[in-house]
file data_14.txt (compact mmCIF, C-alpha atoms)
# COMPACT_ATOMS: atom_id res chain seq x y z
CA MET B 1058 -9.63 -2.13 -51.85
CA TYR B 1059 -7.91 -5.07 -50.13
CA SER B 1060 -4.97 -2.88 -49.05
CA PHE B 1061 -7.40 -0.31 -47.62
CA PHE B 1062 -8.95 -2.89 -45.24
CA THR B 1063 -5.53 -4.34 -44.42
CA PHE B 1064 -4.21 -0.89 -43.50
CA TRP B 1065 -7.18 -0.06 -41.22
CA GLY B 1066 -7.16 -3.53 -39.72
CA PHE B 1067 -3.49 -3.05 -38.86
CA VAL B 1068 -4.19 0.41 -37.35
CA ILE B 1069 -7.03 -0.97 -35.19
CA LEU B 1070 -4.93 -3.95 -34.07
CA LEU B 1071 -2.01 -1.67 -33.18
CA PHE B 1072 -4.35 0.60 -31.19
CA LEU B 1073 -5.70 -2.38 -29.23
CA ILE B 1074 -2.21 -3.73 -28.49
CA LEU B 1075 -1.01 -0.32 -27.26
CA SER B 1076 -4.13 0.10 -25.09
CA VAL B 1077 -3.61 -3.28 -23.43
CA ALA B 1078 0.11 -2.55 -22.90
CA GLU B 1079 -0.71 0.81 -21.28
CA PHE B 1080 -3.23 -0.84 -18.95
CA ILE B 1081 -0.78 -3.56 -17.90
CA ASN B 1082 2.03 -1.08 -17.22
CA SER B 1083 -0.03 1.56 -15.42
CA LYS B 1084 0.09 1.98 -11.65
CA ALA B 1085 -2.89 1.02 -9.52
CA THR B 1086 -5.57 3.58 -8.81
CA VAL B 1087 -6.02 3.84 -5.07
CA ASP B 1088 -9.31 5.08 -3.66
CA LYS B 1089 -10.08 6.08 -0.07
CA ASP B 1090 -11.98 2.80 0.48
CA ASP B 1091 -8.88 0.84 -0.58
CA LEU B 1092 -6.92 2.29 2.33
CA TYR B 1093 -9.11 0.86 5.09
CA GLY B 1094 -7.82 -2.37 6.63
CA ASN B 1095 -4.95 -4.09 8.40
CA TYR B 1096 -1.34 -3.43 7.46
CA ILE B 1097 1.71 -5.56 8.16
CA ILE B 1098 5.42 -5.23 7.47
CA ASP B 1099 6.29 -6.29 3.93
CA LYS B 1100 9.05 -8.86 4.49
CA GLU B 1101 9.81 -9.01 0.76
CA MET B 1102 11.03 -5.41 0.43
CA PHE B 1103 14.25 -6.03 2.35
CA LYS B 1104 14.58 -9.66 3.28
CA GLY B 1105 16.41 -10.72 6.40
CA LYS B 1106 16.29 -10.86 10.17
CA ASN B 1107 15.38 -7.18 10.60
CA ALA B 1108 12.33 -7.47 8.31
CA ILE B 1109 11.16 -10.61 10.10
CA TRP B 1110 11.63 -8.93 13.49
CA GLN B 1111 9.66 -5.86 12.34
CA TYR B 1112 6.92 -8.12 10.92
CA GLN B 1113 6.56 -9.78 14.33
CA HIS B 1114 6.53 -6.51 16.27
CA PHE B 1115 4.52 -3.89 14.33
CA SER B 1116 1.21 -3.55 12.49
CA PHE B 1117 -1.51 -0.96 12.12
CA LEU B 1118 -5.18 -0.65 11.27
CA ILE B 1119 -7.16 2.06 9.49
CA THR B 1120 -10.86 1.78 10.34
CA LYS B 1121 -13.86 3.03 8.38
CA ASN B 1122 -14.40 5.47 11.25
CA ASP B 1123 -11.14 7.15 10.15
CA GLU B 1124 -9.28 5.86 13.17
CA PHE B 1125 -5.59 4.93 13.06
CA ILE B 1126 -4.48 2.19 15.47
CA PHE B 1127 -0.79 1.27 15.61
CA TYR B 1128 0.15 -1.96 17.41
CA GLU B 1129 3.49 -2.82 18.93
CA TYR B 1130 3.98 -6.46 20.00
CA SER B 1131 6.29 -8.08 22.54
CA ASP B 1132 8.63 -10.96 21.67
CA THR B 1133 5.91 -13.39 22.80
CA GLY B 1134 3.43 -11.94 20.28
CA LYS B 1135 1.22 -10.20 22.83
CA ILE B 1136 0.23 -6.58 22.34
CA LYS B 1137 2.82 -4.43 24.11
CA SER B 1138 1.32 -1.02 23.31
CA VAL B 1139 -1.46 0.53 21.25
CA HIS B 1140 -1.20 3.99 19.72
CA LYS B 1141 -4.43 5.58 18.51
CA GLY B 1142 -5.12 8.61 16.38
CA GLU B 1143 -7.35 9.96 13.67
CA VAL B 1144 -6.76 9.84 9.92
CA GLU B 1145 -7.43 12.51 7.39
CA PHE B 1146 -7.25 11.81 3.68
CA VAL B 1147 -5.36 14.36 1.62
CA ASN B 1148 -6.22 14.18 -2.06
CA TYR B 1149 -3.44 14.19 -4.59
CA ALA B 1150 -3.45 11.73 -7.53
CA SER B 1151 -4.46 9.15 -4.92
CA PRO B 1152 -5.69 9.92 -1.41
CA HIS B 1153 -2.78 10.15 1.01
CA LEU B 1154 -2.96 9.51 4.70
CA ARG B 1155 -2.42 12.15 7.37
CA ILE B 1156 -2.31 10.90 10.97
CA LEU B 1157 -3.60 13.31 13.59
CA ASN B 1158 -3.44 13.28 17.40
CA ALA B 1159 -1.74 9.88 17.69
CA GLN B 1160 -1.14 9.02 21.33
CA PRO B 1161 1.04 7.90 22.98
CA ASP B 1162 3.91 8.89 20.73
CA ASN B 1163 6.50 6.36 19.51
CA GLN B 1164 9.46 6.31 17.12
CA VAL B 1165 7.73 4.56 14.20
CA LYS B 1166 4.78 6.77 13.40
CA GLU B 1167 4.91 9.88 11.32
CA SER B 1168 2.17 12.29 10.41
CA GLU B 1169 2.21 11.65 6.63
CA PRO B 1170 3.58 8.27 5.56
CA LEU B 1171 4.47 7.87 1.89
CA LEU B 1172 1.93 6.01 -0.26
CA VAL B 1173 3.69 4.12 -3.07
CA ARG B 1174 1.54 2.74 -5.89
CA LYS B 1175 2.59 -0.37 -7.80
CA LYS B 1176 1.08 -2.00 -10.86
CA TRP B 1177 -1.30 -4.18 -8.87
CA GLY B 1178 -1.36 -2.61 -5.42
CA PHE B 1179 0.27 -0.17 -3.04
CA TYR B 1180 2.24 0.05 0.19
CA TYR B 1181 3.11 2.64 2.84
CA VAL B 1182 6.57 3.78 3.90
CA PHE B 1183 6.93 4.99 7.48
CA LYS B 1184 10.15 6.63 8.64
CA SER B 1185 11.39 5.39 11.97
CA GLN B 1186 14.06 7.06 14.08
CA LYS B 1187 15.29 3.61 15.08
CA PHE B 1188 14.78 1.44 11.96
CA GLY B 1189 14.88 3.84 9.01
CA ASN B 1190 12.21 3.16 6.37
CA MET B 1191 9.57 0.60 7.30
CA PHE B 1192 7.40 -0.84 4.53
CA PHE B 1193 3.79 -1.76 5.34
CA THR B 1194 1.51 -3.58 2.94
CA LYS B 1195 -2.20 -4.20 3.31
CA LYS B 1196 -3.00 -7.63 4.67
CA GLU B 1197 -5.42 -9.19 2.21
CA LYS B 1198 -7.13 -12.54 2.33
CA GLY B 1199 -7.46 -15.01 -0.50
CA ILE B 1200 -5.80 -15.73 -3.80
CA PHE B 1201 -5.57 -12.09 -4.94
CA ARG B 1202 -3.12 -11.32 -2.13
CA MET B 1203 -0.80 -14.06 -3.39
CA LEU B 1204 -1.06 -13.02 -7.03
CA PHE B 1205 -0.89 -9.26 -6.91
CA ASN B 1206 1.04 -8.16 -3.81
call {"tool": "encode", "arguments": {"input": "data_14.txt", "output": "C-alpha cells"}}
result
Amino acid sequence: MYSFFTFWGFVILLFLILSVAEFINSKATVDKDDLYGNYIIDKEMFKGKNAIWQYQHFSFLITKNDEFIFYEYSDTGKIKSVHKGEVEFVNYASPHLRILNAQPDNQVKESEPLLVRKKWGFYYVFKSQKFGNMFFTKKEKGIFRMLFN
C-alpha cells in the first residue's frame, strides 16, 4: 500500500515539474493589444556605435486607432521626418503587423516586419536598405521592462 502511494506521488510530482518547465521554456503569447505602443531600437541585440546611432535616430508608434507612425530624428534629437500609415493585423500563431499606405517612403520601413517572440516578450525586425536588419523592442515603463526584456 505504501509503494502504491509513493508511486502515484512520484508521478504527480513529475507531472508538476514538467508542466512548470514547459511554462518557463515556452515563448510569449502575443495578442493584438500587446502590439500597441512605442518601439525603440534594441541596443542589446548588436551592441556598438551603429546600434546607439540607430537608437538615437529611429522609433515608431502603433496606436489603438491602427495607425503606424515612424519617426526619424536629427543628430540634435529633434524630429526630422514623420512617416504615417495604417496597420493591419494578420493572424498566424500571433498577430503579425502589415503596414499599409505609409507615406512618405523611406529606406527603413517594410510592409511586413518580422515579429520574433521570446520567452518573456517580443521584438520586431525591420529590413533596411541602408542598415540591414534593425531590431525594435517595445518601450515599456517600470520594473517589468528591466526584468523581462
call {"tool": "residues_around", "arguments": {"input": "data_14.txt", "residues": "Ser1168 (chain B)", "least_positions_apart": "6", "cutoff": "12 Å", "atoms": "all atoms listed in the file", "output": "list in words"}}
result
Phe1125, Gly1142, Glu1143, Val1144, Glu1145, Phe1146, Val1147, His1153, Leu1154, Arg1155, Ile1156, Leu1157, Asn1158, Ala1159, Gln1160, Asp1162, Val1182, Phe1183, Lys1184 and Ser1185 of chain B
call {"tool": "atom_distance", "arguments": {"input": "data_14.txt", "atom1": "CA of Ile1097 (chain B)", "atom2": "CA of Thr1120 (chain B)"}}
result
14.7 Å
call {"tool": "atom_distance", "arguments": {"input": "data_14.txt", "atom1": "CA of Ile1136 (chain B)", "atom2": "CA of Lys1196 (chain B)"}}
result
18.0 Å
call {"tool": "closest_residue", "arguments": {"input": "data_14.txt", "among": "B:Lys1187, B:Lys1195, B:Lys1176, B:Lys1141", "to": "Gln1111 (chain B)", "atoms": "only C-alpha atoms"}}
result
B:Lys1187
call {"tool": "atom_distance", "arguments": {"input": "data_14.txt", "atom1": "CA of Val1139 (chain B)", "atom2": "CA of Lys1089 (chain B)"}}
result
23.7 Å
call {"tool": "residues_near_point", "arguments": {"input": "data_14.txt", "point": "(5.6, -11.5, 8.9)", "cutoff": "9 Å", "atoms": "all atoms listed in the file", "output": "list in words"}}
result
Ile1097, Ile1098, Asp1099, Lys1100, Ala1108, Ile1109, Trp1110, Gln1111, Tyr1112, Gln1113 and His1114 of chain B
call {"tool": "build_atoms", "arguments": {"input": "data_14.txt", "residues": "region 1091-1105 of chain B", "atoms": "N, CA, C and O atoms", "output": "PDB file, keeping the file's coordinate frame"}}
result
ATOM      1  N   ASP B1091      -9.959   1.821  -0.496  1.00  0.00           N
ATOM      2  CA  ASP B1091      -8.880   0.840  -0.580  1.00  0.00           C
ATOM      3  C   ASP B1091      -7.933   0.929   0.606  1.00  0.00           C
ATOM      4  O   ASP B1091      -7.233  -0.036   0.920  1.00  0.00           O
ATOM      5  N   LEU B1092      -7.888   2.073   1.259  1.00  0.00           N
ATOM      6  CA  LEU B1092      -6.920   2.290   2.330  1.00  0.00           C
ATOM      7  C   LEU B1092      -7.361   1.702   3.665  1.00  0.00           C
ATOM      8  O   LEU B1092      -6.523   1.476   4.542  1.00  0.00           O
ATOM      9  N   TYR B1093      -8.636   1.437   3.836  1.00  0.00           N
ATOM     10  CA  TYR B1093      -9.110   0.860   5.090  1.00  0.00           C
ATOM     11  C   TYR B1093      -8.637  -0.590   5.208  1.00  0.00           C
ATOM     12  O   TYR B1093      -8.662  -1.336   4.235  1.00  0.00           O
ATOM     13  N   GLY B1094      -8.206  -0.979   6.413  1.00  0.00           N
ATOM     14  CA  GLY B1094      -7.820  -2.370   6.630  1.00  0.00           C
ATOM     15  C   GLY B1094      -6.597  -2.507   7.508  1.00  0.00           C
ATOM     16  O   GLY B1094      -6.104  -1.543   8.100  1.00  0.00           O
ATOM     17  N   ASN B1095      -6.115  -3.742   7.588  1.00  0.00           N
ATOM     18  CA  ASN B1095      -4.950  -4.090   8.400  1.00  0.00           C
ATOM     19  C   ASN B1095      -3.686  -4.037   7.564  1.00  0.00           C
ATOM     20  O   ASN B1095      -3.686  -4.484   6.414  1.00  0.00           O
ATOM     21  N   TYR B1096      -2.618  -3.541   8.149  1.00  0.00           N
ATOM     22  CA  TYR B1096      -1.340  -3.430   7.460  1.00  0.00           C
ATOM     23  C   TYR B1096      -0.252  -4.141   8.266  1.00  0.00           C
ATOM     24  O   TYR B1096      -0.221  -4.034   9.495  1.00  0.00           O
ATOM     25  N   ILE B1097       0.608  -4.841   7.549  1.00  0.00           N
ATOM     26  CA  ILE B1097       1.710  -5.560   8.160  1.00  0.00           C
ATOM     27  C   ILE B1097       3.013  -5.186   7.452  1.00  0.00           C
ATOM     28  O   ILE B1097       2.983  -4.657   6.349  1.00  0.00           O
ATOM     29  N   ILE B1098       4.122  -5.483   8.089  1.00  0.00           N
ATOM     30  CA  ILE B1098       5.420  -5.230   7.470  1.00  0.00           C
ATOM     31  C   ILE B1098       5.567  -6.117   6.234  1.00  0.00           C
ATOM     32  O   ILE B1098       5.253  -7.306   6.274  1.00  0.00           O
ATOM     33  N   ASP B1099       6.041  -5.540   5.150  1.00  0.00           N
ATOM     34  CA  ASP B1099       6.290  -6.290   3.930  1.00  0.00           C
ATOM     35  C   ASP B1099       7.693  -6.900   4.020  1.00  0.00           C
ATOM     36  O   ASP B1099       8.688  -6.197   3.849  1.00  0.00           O
ATOM     37  N   LYS B1100       7.763  -8.175   4.303  1.00  0.00           N
ATOM     38  CA  LYS B1100       9.050  -8.860   4.490  1.00  0.00           C
ATOM     39  C   LYS B1100       9.807  -9.035   3.182  1.00  0.00           C
ATOM     40  O   LYS B1100      10.985  -9.364   3.195  1.00  0.00           O
ATOM     41  N   GLU B1101       9.161  -8.806   2.052  1.00  0.00           N
ATOM     42  CA  GLU B1101       9.810  -9.010   0.760  1.00  0.00           C
ATOM     43  C   GLU B1101      10.602  -7.787   0.294  1.00  0.00           C
ATOM     44  O   GLU B1101      11.434  -7.899  -0.593  1.00  0.00           O
ATOM     45  N   MET B1102      10.334  -6.619   0.873  1.00  0.00           N
ATOM     46  CA  MET B1102      11.030  -5.410   0.430  1.00  0.00           C
ATOM     47  C   MET B1102      12.527  -5.506   0.716  1.00  0.00           C
ATOM     48  O   MET B1102      13.343  -5.257  -0.151  1.00  0.00           O
ATOM     49  N   PHE B1103      12.857  -5.806   1.956  1.00  0.00           N
ATOM     50  CA  PHE B1103      14.250  -6.030   2.350  1.00  0.00           C
ATOM     51  C   PHE B1103      14.259  -7.276   3.195  1.00  0.00           C
ATOM     52  O   PHE B1103      13.926  -7.227   4.376  1.00  0.00           O
ATOM     53  N   LYS B1104      14.621  -8.369   2.591  1.00  0.00           N
ATOM     54  CA  LYS B1104      14.580  -9.660   3.280  1.00  0.00           C
ATOM     55  C   LYS B1104      15.680  -9.727   4.334  1.00  0.00           C
ATOM     56  O   LYS B1104      16.719  -9.096   4.205  1.00  0.00           O
ATOM     57  N   GLY B1105      15.397 -10.507   5.374  1.00  0.00           N
ATOM     58  CA  GLY B1105      16.410 -10.720   6.400  1.00  0.00           C
ATOM     59  C   GLY B1105      15.823 -10.675   7.793  1.00  0.00           C
ATOM     60  O   GLY B1105      14.609 -10.546   7.986  1.00  0.00           O
TER      61      GLY B1105
END
